[in-house]
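Engineer: One structure, as structure tokens, below. Some questions next.
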Amino acid sequence: MAMKLQLHSVAGGGSVDVSEAAFGKEFNEPLVHQVVTAYLARRRSGTKAQKTRAQVRGGGAKPFRQKGTGRARAGTIRSPIWVGGGRTFAATPRKFAQKVNQKMYRGAMRALLSELVRQGRLNVVKEVSVDSPKTRKVVELLKSYELSNVLIVVEAFDEHLYLAARNLPNVDVLPVSALDPVSLLRRESVLMTVAAVRVLEEKLG
């Protein structure tokens, strides 16, 4: 089935037909939460590492004799209770990635896009482009659409648009191929071209 999305235009009027399977689904909060959590977990580097007493260099010889010194017996200067020694429970590199299959990921994307449509936060336009990499150009463009905190989604990477928007703190620019659940949630509004909508419709419909 098809549904209509109104085109956001300064002149007003117009609509575009889209697949209800991609933009008309119910919001599945548990699924969205699971996918977003997994996506954020995958970003964690997991490279923290510490050395155990076996990995710290040195300490092969007994530091002093067993008896007669009045001190507690010690077998190595690399003991965890000595300064410069190893850690008792040393941190090791680990992976935080959680398994999310394609069906779950697509379902979460459908739910998010559909909720943006219901809330009136998805703004579809024919095209978004600037003729030069000037921040002023993007500011004027967004002002004409009455948007400020926004994610701009285009069909393919546009160097002029990216360079013009990168200094704006509340504006992100992404090609539709790099779109992810976290990006959709980060901004108050989404400004998407018709061409990008068609790509998503093909992937999620």
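Identifiers for the structure tokens are assigned positionally: chains receive A, B, ... in sequence, residues are indexed from 1 per chain, and ligands are indexed from 1 in the order shown.
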Where in stretch 52-159 of chain A does DSSP assign alpha helix (DSSP H), given as a list of chain:residue names?
Structural biologist: A:Gln102, A:Lys103, A:Met104, A:Tyr105, A:Arg106, A:Gly107, A:Ala108, A:Met109, A:Arg110, A:Ala111, A:Leu112, A:Leu113, A:Ser114, A:Glu115, A:Leu116, A:Val117, A:Arg118, A:Thr135, A:Arg136, A:Lys137, A:Val138, A:Val139, A:Glu140, A:Leu141, A:Leu142, A:Lys143, A:Ser144, A:Tyr145, A:Glu159
Engineer: I'd like the contact shell of stretch 190-194 of chain A - 9 Å cut-off, only C-alpha atoms, skipping same-chain residues fewer than 6 positions apart - returned as a list in words.
Structural biologist: Leu7, His8, Val16, Leu116, Arg121, Leu122, Asn123, Val124, Val125, Lys126, Glu127, Val128, Leu147, Asn149, Val150, Leu151, Ile152, Val153, Val154, Glu155, Val176 and Leu184 of chain A
Engineer: So that I have them on file, write out the residues from the current selection with C-alpha atoms, as a compact mmCIF listing (two decimals), in the first residue's frame.
Structural biologist:
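Saved to again-v9.txt:
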```
# COMPACT_ATOMS: atom_id res chain seq x y z
CA LEU A 7 6.57 18.04 0.42
CA HIS A 8 8.05 20.73 2.63
CA VAL A 16 5.07 12.23 -2.75
CA LEU A 116 9.01 10.77 12.67
CA ARG A 121 9.40 15.73 12.28
CA LEU A 122 10.22 14.26 8.87
CA ASN A 123 10.43 17.00 6.23
CA VAL A 124 10.68 15.83 2.63
CA VAL A 125 11.97 18.21 -0.04
CA LYS A 126 12.79 17.82 -3.71
CA GLU A 127 16.47 18.56 -3.21
CA VAL A 128 18.95 20.06 -0.76
CA LEU A 147 14.38 24.43 10.86
CA ASN A 149 18.17 21.45 14.99
CA VAL A 150 18.12 19.12 12.00
CA LEU A 151 19.60 16.09 10.28
CA ILE A 152 19.92 16.54 6.51
CA VAL A 153 19.74 13.28 4.54
CA VAL A 154 20.70 13.33 0.86
CA GLU A 155 21.01 10.62 -1.78
CA VAL A 176 21.31 7.94 2.95
CA LEU A 184 17.62 9.75 13.43
```
Engineer: May I have the residues within 7 Å of A:Phe27 as a list in words, using only C-alpha atoms and disregarding those fewer than 3 positions away in the same chain?
Structural biologist: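 The residues satisfying every condition are Ala111, Leu112 and Glu115 of chain A.
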Engineer: Hey, what's within 7 Å of stretch 73-83 of chain A if we count only C-alpha atoms and toss same-chain stuff fewer than 2 positions away? As a compact mmCIF listing (two decimals) with C-alpha atoms, in the first residue's frame, please?
Structural biologist:
```
# COMPACT_ATOMS: atom_id res chain seq x y z
CA ARG A 53 51.95 -9.82 37.80
CA VAL A 56 55.06 -6.90 34.29
CA GLY A 59 60.85 -9.24 39.49
CA GLY A 60 62.49 -12.56 38.74
CA ALA A 61 64.75 -12.56 41.82
CA LYS A 62 63.51 -12.72 45.40
CA PRO A 63 63.89 -9.14 46.71
CA GLN A 66 62.90 -15.18 53.62
CA ARG A 71 59.77 -7.74 57.06
CA GLY A 85 53.51 -4.39 40.51
CA GLY A 86 50.84 -5.98 38.38
CA ARG A 87 47.08 -5.66 38.85
CA THR A 88 45.19 -8.41 40.67
```
Engineer: Can you list, as a PyMOL selection string, every protein, DNA or RNA residue that comes within 9 Å of A:Tyr145 when you count only C-alpha atoms, leaving out same-chain residues fewer than 2 positions away?
Structural biologist: chain A and resi 8-10+140-143+147-148
Engineer: Please produce a file of those selected residues containing N, CA and C atoms, as a PDB file, in the first residue's frame.
Structural biologist:
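Once everything was written out, this is again_0.pdb:
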```pdb
ATOM      1  N   HIS A   8       7.801  19.505   1.876  1.00  0.00           N
ATOM      2  CA  HIS A   8       8.053  20.731   2.626  1.00  0.00           C
ATOM      3  C   HIS A   8       8.665  21.735   1.666  1.00  0.00           C
ATOM      4  N   SER A   9       7.910  22.764   1.319  1.00  0.00           N
ATOM      5  CA  SER A   9       8.371  23.715   0.314  1.00  0.00           C
ATOM      6  C   SER A   9       7.998  25.123   0.732  1.00  0.00           C
ATOM      7  N   VAL A  10       8.869  26.065   0.397  1.00  0.00           N
ATOM      8  CA  VAL A  10       8.587  27.478   0.681  1.00  0.00           C
ATOM      9  C   VAL A  10       7.361  27.922  -0.101  1.00  0.00           C
ATOM     10  N   GLU A 140      20.726  30.114   5.606  1.00  0.00           N
ATOM     11  CA  GLU A 140      19.605  30.706   4.869  1.00  0.00           C
ATOM     12  C   GLU A 140      18.624  29.627   4.398  1.00  0.00           C
ATOM     13  N   LEU A 141      19.160  28.489   3.958  1.00  0.00           N
ATOM     14  CA  LEU A 141      18.304  27.398   3.485  1.00  0.00           C
ATOM     15  C   LEU A 141      17.414  26.872   4.614  1.00  0.00           C
ATOM     16  N   LEU A 142      18.028  26.618   5.774  1.00  0.00           N
ATOM     17  CA  LEU A 142      17.257  26.094   6.909  1.00  0.00           C
ATOM     18  C   LEU A 142      16.277  27.135   7.454  1.00  0.00           C
ATOM     19  N   LYS A 143      16.664  28.394   7.378  1.00  0.00           N
ATOM     20  CA  LYS A 143      15.766  29.457   7.831  1.00  0.00           C
ATOM     21  C   LYS A 143      14.509  29.505   6.962  1.00  0.00           C
ATOM     22  N   LEU A 147      13.746  25.535  10.143  1.00  0.00           N
ATOM     23  CA  LEU A 147      14.378  24.427  10.862  1.00  0.00           C
ATOM     24  C   LEU A 147      15.710  24.889  11.422  1.00  0.00           C
ATOM     25  N   SER A 148      16.086  24.342  12.583  1.00  0.00           N
ATOM     26  CA  SER A 148      17.375  24.709  13.173  1.00  0.00           C
ATOM     27  C   SER A 148      18.149  23.468  13.631  1.00  0.00           C
TER      28      SER A 148
END
```
Engineer: What does the distance from atom CA of A:Leu113 to atom CA of A:Ser129 come to in Å, to one decimal?
Structural biologist: 22.5 Å
Engineer: So which one's closest to A:Met104, A:Arg186, A:Lys67, A:Arg43, A:His33? Using only C-alpha atoms, please.
Structural biologist: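 Counting only C-alpha atoms, the residue closest to A:Met104 is A:His33.
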Engineer: Restricting the calculation to only C-alpha atoms, which member of A:Ser183, A:Ser189, A:Ser177, A:Leu5 is positioned closest to A:Glu146?
Structural biologist: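 Closest residue, counting only C-alpha atoms: A:Ser189.
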Engineer: Can you tell me, as a list of chain:residue names, what residues are no more than 10 Å from A:Leu168 when counting only C-alpha atoms, ignoring any on the same chain fewer than 4 positions away?
Structural biologist: A:Thr135, A:Arg136, A:Val138, A:Val139, A:Ser148, A:Asn149, A:Ala164, A:Asp172
Engineer: Could you tell me how far atom CA of A:Ser114 sits from atom CA of A:Lys25, in Å to one decimal place?
Structural biologist: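 Answer for the atom CA of A:Lys25 to atom CA of A:Ser114 separation: 5.6 Å.
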Engineer: Would you please work out which residue, of A:Thr69, A:Asn170, A:Thr52, A:Ser19, is nearest to A:Arg198 when using only C-alpha atoms?
Structural biologist: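 Nearest candidate to A:Arg198 out of A:Thr69, A:Asn170, A:Thr52, A:Ser19: A:Ser19.
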Engineer: Which residue is closest to A:Phe96? Choose from A:Ser45, A:Asn28, A:Gln34, A:Gln6 and count only C-alpha atoms.
Structural biologist: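 Using only C-alpha atoms, A:Phe96 sits closest to A:Ser45.
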Engineer: Report as a PyMOL selection string: the residues of stretch 131-187 of chain A with a DSSP assignment of strand (DSSP E), based on the backbone of this structure.
Structural biologist: chain A and resi 150-154+171-175
Engineer: Print the selection's residues with C-alpha atoms to a file, as an mmCIF file, in the first residue's frame.
Structural biologist:
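Output saved as out-v2.cif:
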```
data_model
loop_
_atom_site.group_PDB
_atom_site.id
_atom_site.type_symbol
_atom_site.label_atom_id
_atom_site.label_comp_id
_atom_site.auth_asym_id
_atom_site.auth_seq_id
_atom_site.Cartn_x
_atom_site.Cartn_y
_atom_site.Cartn_z
ATOM 1 C CA VAL A 150 18.122 19.119 11.997
ATOM 2 C CA LEU A 151 19.598 16.087 10.277
ATOM 3 C CA ILE A 152 19.922 16.538 6.509
ATOM 4 C CA VAL A 153 19.738 13.282 4.541
ATOM 5 C CA VAL A 154 20.702 13.333 0.859
ATOM 6 C CA VAL A 171 23.112 20.389 11.963
ATOM 7 C CA ASP A 172 24.288 17.022 10.607
ATOM 8 C CA VAL A 173 24.578 15.978 6.966
ATOM 9 C CA LEU A 174 24.533 12.308 5.956
ATOM 10 C CA PRO A 175 24.192 10.384 2.714
#
```
